[in-house]
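Trainee: File target.txt below, compact mmCIF, N, CA and C atoms:
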```txt
# COMPACT_ATOMS: atom_id res chain seq x y z
N ALA A 1 9.89 28.04 34.19
CA ALA A 1 10.77 26.98 33.76
C ALA A 1 9.97 25.70 33.49
N LEU A 2 8.99 25.44 34.33
CA LEU A 2 8.16 24.24 34.15
C LEU A 2 7.39 24.32 32.84
N TYR A 3 6.78 25.46 32.59
CA TYR A 3 6.03 25.63 31.34
C TYR A 3 6.95 25.49 30.13
N GLU A 4 8.10 26.13 30.18
CA GLU A 4 9.03 26.08 29.05
C GLU A 4 9.51 24.65 28.78
N LYS A 5 9.78 23.89 29.84
CA LYS A 5 10.22 22.51 29.66
C LYS A 5 9.09 21.66 29.07
N ALA A 6 7.88 21.87 29.56
CA ALA A 6 6.74 21.13 29.01
C ALA A 6 6.53 21.50 27.55
N GLU A 7 6.65 22.77 27.22
CA GLU A 7 6.49 23.21 25.83
C GLU A 7 7.57 22.60 24.94
N GLU A 8 8.78 22.52 25.44
CA GLU A 8 9.88 21.90 24.70
C GLU A 8 9.56 20.43 24.41
N GLY A 9 9.03 19.74 25.39
CA GLY A 9 8.65 18.34 25.20
C GLY A 9 7.52 18.18 24.21
N VAL A 10 6.52 19.03 24.31
CA VAL A 10 5.39 18.97 23.39
C VAL A 10 5.86 19.24 21.96
N GLN A 11 6.71 20.23 21.78
CA GLN A 11 7.21 20.55 20.44
C GLN A 11 8.02 19.38 19.86
N ALA A 12 8.78 18.70 20.69
CA ALA A 12 9.55 17.54 20.23
C ALA A 12 8.61 16.42 19.79
N VAL A 13 7.54 16.20 20.55
CA VAL A 13 6.56 15.18 20.17
C VAL A 13 5.89 15.57 18.85
N LEU A 14 5.58 16.85 18.69
CA LEU A 14 4.98 17.31 17.43
C LEU A 14 5.95 17.13 16.25
N ARG A 15 7.25 17.32 16.48
CA ARG A 15 8.24 17.06 15.43
C ARG A 15 8.24 15.59 15.04
N ALA A 16 8.12 14.73 16.04
CA ALA A 16 8.08 13.29 15.77
C ALA A 16 6.84 12.94 14.95
N GLN A 17 5.71 13.50 15.32
CA GLN A 17 4.48 13.22 14.57
C GLN A 17 4.57 13.75 13.15
N ALA A 18 5.17 14.93 12.96
CA ALA A 18 5.32 15.51 11.63
C ALA A 18 6.26 14.66 10.77
N ALA A 19 7.34 14.18 11.35
CA ALA A 19 8.28 13.34 10.62
C ALA A 19 7.60 12.05 10.19
N ARG A 20 6.84 11.47 11.09
CA ARG A 20 6.12 10.22 10.77
C ARG A 20 5.12 10.47 9.64
N GLU A 21 4.42 11.58 9.71
CA GLU A 21 3.43 11.91 8.67
C GLU A 21 4.12 12.17 7.33
N LYS A 22 5.29 12.79 7.36
CA LYS A 22 6.03 13.11 6.14
C LYS A 22 6.41 11.87 5.34
N VAL A 23 6.75 10.79 6.03
CA VAL A 23 7.23 9.59 5.34
C VAL A 23 6.20 8.47 5.30
N LYS A 24 5.04 8.73 5.84
CA LYS A 24 4.01 7.69 5.96
C LYS A 24 3.70 7.00 4.63
N SER A 25 3.48 7.76 3.59
CA SER A 25 3.11 7.14 2.31
C SER A 25 4.29 6.37 1.71
N ALA A 26 5.51 6.87 1.89
CA ALA A 26 6.69 6.17 1.37
C ALA A 26 6.91 4.85 2.11
N ALA A 27 6.55 4.81 3.37
CA ALA A 27 6.74 3.60 4.17
C ALA A 27 5.83 2.46 3.72
N GLU A 28 4.79 2.79 3.01
CA GLU A 28 3.85 1.77 2.55
C GLU A 28 4.33 1.07 1.28
N GLY A 29 5.39 1.61 0.67
CA GLY A 29 5.91 1.03 -0.56
C GLY A 29 6.93 -0.06 -0.28
N SER A 30 7.79 -0.27 -1.26
CA SER A 30 8.85 -1.26 -1.12
C SER A 30 10.16 -0.67 -1.61
N GLY A 31 11.25 -1.33 -1.29
CA GLY A 31 12.55 -0.86 -1.72
C GLY A 31 13.28 -0.13 -0.60
N ALA A 32 14.45 0.39 -0.95
CA ALA A 32 15.32 1.04 0.04
C ALA A 32 14.67 2.28 0.64
N ARG A 33 14.00 3.08 -0.19
CA ARG A 33 13.34 4.30 0.32
C ARG A 33 12.25 3.94 1.32
N ALA A 34 11.49 2.92 1.03
CA ALA A 34 10.43 2.48 1.95
C ALA A 34 11.02 1.97 3.26
N GLU A 35 12.12 1.26 3.18
CA GLU A 35 12.77 0.76 4.40
C GLU A 35 13.27 1.91 5.27
N GLN A 36 13.84 2.94 4.62
CA GLN A 36 14.29 4.10 5.37
C GLN A 36 13.11 4.84 5.98
N ALA A 37 12.01 4.93 5.23
CA ALA A 37 10.80 5.57 5.76
C ALA A 37 10.28 4.80 6.97
N LYS A 38 10.30 3.48 6.90
CA LYS A 38 9.86 2.67 8.04
C LYS A 38 10.75 2.89 9.25
N THR A 39 12.04 3.09 9.02
CA THR A 39 12.97 3.39 10.11
C THR A 39 12.60 4.72 10.76
N ILE A 40 12.27 5.71 9.96
CA ILE A 40 11.88 7.02 10.48
C ILE A 40 10.59 6.90 11.27
N VAL A 41 9.63 6.16 10.76
CA VAL A 41 8.37 5.94 11.49
C VAL A 41 8.67 5.30 12.84
N GLU A 42 9.54 4.31 12.85
CA GLU A 42 9.90 3.63 14.10
C GLU A 42 10.57 4.57 15.09
N ILE A 43 11.50 5.39 14.61
CA ILE A 43 12.20 6.35 15.47
C ILE A 43 11.19 7.32 16.08
N ALA A 44 10.31 7.86 15.25
CA ALA A 44 9.33 8.83 15.72
C ALA A 44 8.35 8.21 16.71
N THR A 45 7.88 7.01 16.40
CA THR A 45 6.92 6.34 17.27
C THR A 45 7.54 5.99 18.62
N GLU A 46 8.77 5.49 18.58
CA GLU A 46 9.46 5.15 19.82
C GLU A 46 9.68 6.38 20.69
N PHE A 47 10.08 7.49 20.07
CA PHE A 47 10.28 8.72 20.84
C PHE A 47 8.97 9.20 21.45
N GLU A 48 7.93 9.26 20.63
CA GLU A 48 6.63 9.72 21.13
C GLU A 48 6.17 8.89 22.32
N SER A 49 6.32 7.57 22.20
CA SER A 49 5.86 6.71 23.30
C SER A 49 6.75 6.80 24.53
N SER A 50 7.96 7.35 24.37
CA SER A 50 8.82 7.56 25.54
C SER A 50 8.48 8.84 26.27
N MET A 51 7.72 9.73 25.62
CA MET A 51 7.38 11.03 26.21
C MET A 51 5.95 11.11 26.74
N VAL A 52 5.02 10.43 26.07
CA VAL A 52 3.61 10.48 26.45
C VAL A 52 3.00 9.08 26.35
N ALA A 53 1.92 8.87 27.07
CA ALA A 53 1.21 7.59 26.99
C ALA A 53 0.57 7.48 25.62
N THR A 54 0.73 6.34 24.98
CA THR A 54 0.24 6.18 23.60
C THR A 54 -0.71 5.00 23.44
N GLY A 55 -1.18 4.43 24.51
CA GLY A 55 -2.11 3.31 24.40
C GLY A 55 -3.38 3.72 23.69
N THR A 56 -4.11 2.74 23.18
CA THR A 56 -5.34 3.04 22.45
C THR A 56 -6.58 2.90 23.33
N THR A 57 -6.42 2.28 24.49
CA THR A 57 -7.54 2.18 25.42
C THR A 57 -7.10 2.74 26.77
N LEU A 58 -8.06 3.08 27.59
CA LEU A 58 -7.74 3.63 28.91
C LEU A 58 -6.92 2.65 29.73
N VAL A 59 -7.24 1.37 29.63
CA VAL A 59 -6.49 0.35 30.37
C VAL A 59 -5.03 0.34 29.92
N GLN A 60 -4.80 0.41 28.61
CA GLN A 60 -3.42 0.44 28.11
C GLN A 60 -2.70 1.70 28.60
N ILE A 61 -3.37 2.82 28.55
CA ILE A 61 -2.75 4.09 28.95
C ILE A 61 -2.38 4.09 30.43
N ILE A 62 -3.30 3.67 31.30
CA ILE A 62 -3.00 3.71 32.72
C ILE A 62 -2.05 2.60 33.16
N SER A 63 -1.85 1.62 32.28
CA SER A 63 -0.91 0.54 32.60
C SER A 63 0.52 0.88 32.22
N GLU A 64 0.71 1.95 31.45
CA GLU A 64 2.06 2.35 31.06
C GLU A 64 2.76 3.05 32.22
N PRO A 65 4.09 2.98 32.25
CA PRO A 65 4.82 3.75 33.26
C PRO A 65 4.58 5.25 33.02
N THR A 66 4.72 6.03 34.06
CA THR A 66 4.52 7.47 33.94
C THR A 66 5.60 8.07 33.05
N LYS A 67 5.19 8.86 32.08
CA LYS A 67 6.09 9.45 31.09
C LYS A 67 6.48 10.86 31.53
N PRO A 68 7.57 11.40 30.97
CA PRO A 68 8.06 12.72 31.40
C PRO A 68 7.03 13.84 31.33
N LEU A 69 6.26 13.93 30.26
CA LEU A 69 5.29 15.02 30.18
C LEU A 69 4.20 14.87 31.23
N SER A 70 3.82 13.66 31.55
CA SER A 70 2.84 13.43 32.62
C SER A 70 3.41 13.84 33.98
N LYS A 71 4.69 13.58 34.16
CA LYS A 71 5.34 13.99 35.41
C LYS A 71 5.33 15.50 35.55
N LEU A 72 5.55 16.21 34.45
CA LEU A 72 5.52 17.67 34.51
C LEU A 72 4.11 18.18 34.84
N VAL A 73 3.11 17.52 34.29
CA VAL A 73 1.72 17.90 34.61
C VAL A 73 1.46 17.69 36.10
N THR A 74 1.95 16.59 36.64
CA THR A 74 1.78 16.32 38.07
C THR A 74 2.48 17.39 38.90
N LEU A 75 3.70 17.74 38.52
CA LEU A 75 4.41 18.80 39.24
C LEU A 75 3.63 20.11 39.18
N HIS A 76 3.08 20.42 38.02
CA HIS A 76 2.28 21.63 37.88
C HIS A 76 1.08 21.60 38.82
N ASN A 77 0.40 20.46 38.87
CA ASN A 77 -0.78 20.34 39.73
C ASN A 77 -0.41 20.47 41.20
N VAL A 78 0.71 19.90 41.60
CA VAL A 78 1.16 20.03 42.99
C VAL A 78 1.44 21.49 43.30
N LEU A 79 2.16 22.13 42.41
CA LEU A 79 2.51 23.54 42.62
C LEU A 79 1.27 24.42 42.65
N GLU A 80 0.32 24.13 41.81
CA GLU A 80 -0.90 24.92 41.73
C GLU A 80 -1.76 24.81 42.99
N HIS A 81 -1.67 23.69 43.68
CA HIS A 81 -2.54 23.46 44.83
C HIS A 81 -1.83 23.58 46.18
N THR A 82 -0.65 24.13 46.17
CA THR A 82 0.06 24.34 47.43
C THR A 82 0.34 25.83 47.59
N GLU A 83 0.72 26.20 48.78
CA GLU A 83 1.07 27.60 49.04
C GLU A 83 2.58 27.76 49.02
N GLY A 84 3.03 28.87 48.53
CA GLY A 84 4.45 29.16 48.55
C GLY A 84 5.18 28.61 47.35
N PRO A 85 6.47 28.85 47.32
CA PRO A 85 7.29 28.40 46.20
C PRO A 85 7.53 26.89 46.25
N PRO A 86 8.06 26.33 45.16
CA PRO A 86 8.36 24.89 45.16
C PRO A 86 9.38 24.55 46.24
N ASN A 87 9.20 23.40 46.86
CA ASN A 87 10.15 22.97 47.90
C ASN A 87 11.28 22.14 47.26
N GLN A 88 12.24 21.76 48.07
CA GLN A 88 13.41 21.06 47.56
C GLN A 88 13.07 19.72 46.88
N PRO A 89 12.22 18.88 47.47
CA PRO A 89 11.87 17.63 46.77
C PRO A 89 11.22 17.88 45.41
N TRP A 90 10.36 18.90 45.34
CA TRP A 90 9.72 19.26 44.08
C TRP A 90 10.79 19.64 43.05
N MET A 91 11.75 20.46 43.47
CA MET A 91 12.83 20.88 42.58
C MET A 91 13.68 19.70 42.12
N GLU A 92 13.92 18.75 43.01
CA GLU A 92 14.72 17.58 42.65
C GLU A 92 14.01 16.74 41.59
N VAL A 93 12.71 16.57 41.75
CA VAL A 93 11.94 15.82 40.75
C VAL A 93 11.96 16.57 39.42
N TYR A 94 11.74 17.88 39.47
CA TYR A 94 11.76 18.67 38.23
C TYR A 94 13.10 18.53 37.52
N GLU A 95 14.19 18.69 38.26
CA GLU A 95 15.52 18.62 37.66
C GLU A 95 15.78 17.24 37.05
N LYS A 96 15.32 16.19 37.72
CA LYS A 96 15.50 14.83 37.20
C LYS A 96 14.70 14.64 35.91
N VAL A 97 13.44 15.07 35.92
CA VAL A 97 12.59 14.92 34.73
C VAL A 97 13.11 15.79 33.59
N ALA A 98 13.53 17.01 33.89
CA ALA A 98 14.06 17.91 32.86
C ALA A 98 15.30 17.32 32.22
N ALA A 99 16.18 16.75 33.01
CA ALA A 99 17.40 16.14 32.47
C ALA A 99 17.06 14.93 31.61
N GLU A 100 16.11 14.13 32.07
CA GLU A 100 15.67 12.96 31.30
C GLU A 100 15.10 13.40 29.95
N MET A 101 14.28 14.44 29.97
CA MET A 101 13.70 14.94 28.72
C MET A 101 14.78 15.49 27.79
N ASP A 102 15.71 16.26 28.35
CA ASP A 102 16.79 16.82 27.53
C ASP A 102 17.56 15.71 26.82
N ASP A 103 17.87 14.66 27.55
CA ASP A 103 18.60 13.53 26.96
C ASP A 103 17.80 12.86 25.84
N LYS A 104 16.52 12.61 26.10
CA LYS A 104 15.67 11.95 25.10
C LYS A 104 15.49 12.82 23.86
N ILE A 105 15.28 14.10 24.07
CA ILE A 105 15.07 15.00 22.93
C ILE A 105 16.34 15.12 22.10
N ALA A 106 17.48 15.26 22.76
CA ALA A 106 18.75 15.37 22.02
C ALA A 106 19.03 14.11 21.21
N ALA A 107 18.82 12.95 21.82
CA ALA A 107 19.04 11.69 21.12
C ALA A 107 18.08 11.54 19.94
N PHE A 108 16.82 11.89 20.17
CA PHE A 108 15.82 11.80 19.11
C PHE A 108 16.16 12.74 17.95
N ASP A 109 16.46 13.99 18.27
CA ASP A 109 16.78 14.96 17.22
C ASP A 109 17.97 14.50 16.38
N ALA A 110 19.00 13.98 17.03
CA ALA A 110 20.19 13.52 16.30
C ALA A 110 19.85 12.32 15.42
N GLU A 111 19.12 11.37 15.98
CA GLU A 111 18.77 10.16 15.23
C GLU A 111 17.84 10.50 14.06
N LEU A 112 16.89 11.38 14.31
CA LEU A 112 15.94 11.76 13.25
C LEU A 112 16.66 12.53 12.14
N LYS A 113 17.56 13.42 12.50
CA LYS A 113 18.30 14.20 11.51
C LYS A 113 19.08 13.27 10.57
N THR A 114 19.74 12.29 11.14
CA THR A 114 20.51 11.33 10.35
C THR A 114 19.58 10.51 9.45
N ALA A 115 18.49 10.04 10.00
CA ALA A 115 17.56 9.21 9.23
C ALA A 115 16.90 10.00 8.10
N LEU A 116 16.52 11.24 8.38
CA LEU A 116 15.88 12.06 7.35
C LEU A 116 16.87 12.44 6.26
N ALA A 117 18.13 12.65 6.61
CA ALA A 117 19.14 13.02 5.62
C ALA A 117 19.31 11.92 4.59
N THR A 118 19.28 10.67 5.01
CA THR A 118 19.43 9.57 4.07
C THR A 118 18.12 9.29 3.33
N PHE A 119 17.01 9.78 3.85
CA PHE A 119 15.72 9.59 3.19
C PHE A 119 15.55 10.55 2.02
N GLU A 120 15.96 11.79 2.22
CA GLU A 120 15.75 12.83 1.22
C GLU A 120 16.81 12.75 0.20
```
For the structure just supplied, provide its representation as structure tokens.

Mentor:
Amino acid sequence: ALYEKAEEGVQAVLRAQAAREKVKSAAEGSGARAEQAKTIVEIATEFESSMVATGTTLVQIISEPTKPLSKLVTLHNVLEHTEGPPNQPWMEVYEKVAAEMDDKIAAFDAELKTALATFE
């Protein structure tokens, strides 16, 4: 379940990056199409930065709050270095992070779908 949730998050981030790349050249222009492309870039960038650290320097990255995918990596590391199955606190953290990710991904997908529909 941990791997699948992490994979779901990674795929959502990759969708955001692909959407941003798709409209990148249009966003550099002017007019209504360029404005819509800039909106898509903003949506994708905001989503990506809500899921993973996006700073350009190590100081910026470590100064950001912990993001959902980083939390899953931490849970994986805890599980990998302990004996036995996950305990109740571990499960509670996983469930909280998984729900947070589900909400963010659903909101992103809906917002991106609407923005891309008006772009194309």

Trainee: Could you check the closest approach to Arg20 in chain A for each of A:Glu80, A:Glu35, A:Glu42, A:Glu4 and tell me which residue wins, using all atoms listed in the file?

Mentor: A:Glu42

Trainee: Using only C-alpha atoms, which residue out of A:Val23, A:Leu2, A:Ala16, A:Val52 lies closest to Glu120 in chain A?

Mentor: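 Selected residue with least distance to Glu120 in chain A: A:Val23.
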
Trainee: Taking (6.4, 6.3, 9.5) in the file's coordinates as the center, which residues reach within 8 Å of it, counting all atoms listed in the file, put as a list in words?

Mentor: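 Those residues lying close to the given coordinates are Ala19, Arg20, Glu21, Lys22, Val23, Lys24, Ser25, Ala26, Ala27, Glu28, Gln36, Ala37, Lys38, Thr39, Ile40, Val41, Glu42, Ile43, Ala44 and Thr45 of chain A.
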
Trainee: List the neighbours of Leu69 in chain A out to 10 Å using only C-alpha atoms; skip same-chain residues closer than 2 positions along the sequence, and give me the result as number ranges by chain.

Mentor: A: 5-10, 50-53, 66-67, 71-75, 97-98, 101

Trainee: Write out as an MDAnalysis selection string the set of residues from chain A that DSSP, computed on the backbone, places in alpha helix (DSSP H).

Mentor: chainID A and resid 2:27 32:51 58:63 68:80 88:119

Trainee: Expressed in Å to a single decimal, how great is the separation between CA of Glu100 in chain A and atom N of Glu64 in chain A?

Mentor: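 Taking CA of Glu100 in chain A and atom N of Glu64 in chain A, their separation equals 18.6 Å.
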
Trainee: Between CA of Phe108 in chain A and atom N of Thr56 in chain A, what distance in Å does the model show, to one decimal?

Mentor: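 Distance reported for this atom pair: 22.3 Å.
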
Trainee: For the atom pair CA of Ile61 in chain A and CA of Phe47 in chain A, what is the interatomic distance in Å to one decimal place?

Mentor: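 Going from CA of Ile61 in chain A over to CA of Phe47 in chain A covers 16.0 Å.
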
Trainee: So, counting only N, CA and C atoms, which residue among A:Thr82, A:Ser49, A:Ser30, A:Thr118 is closest to Val13 in chain A?

Mentor: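 Closest residue, counting only N, CA and C atoms: A:Ser49.
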
Trainee: Could you write out as lines of an AutoDock Vina configuration file the box around range 62-77 of chain A (axis-aligned, all atoms listed in the file, 5 Å on each side), with centre and edge lengths in Å to one decimal?

Mentor:
```
center_x = 2.4
center_y = 11.1
center_z = 35.7
size_x = 21.4
size_y = 31.1
size_z = 21.0
```
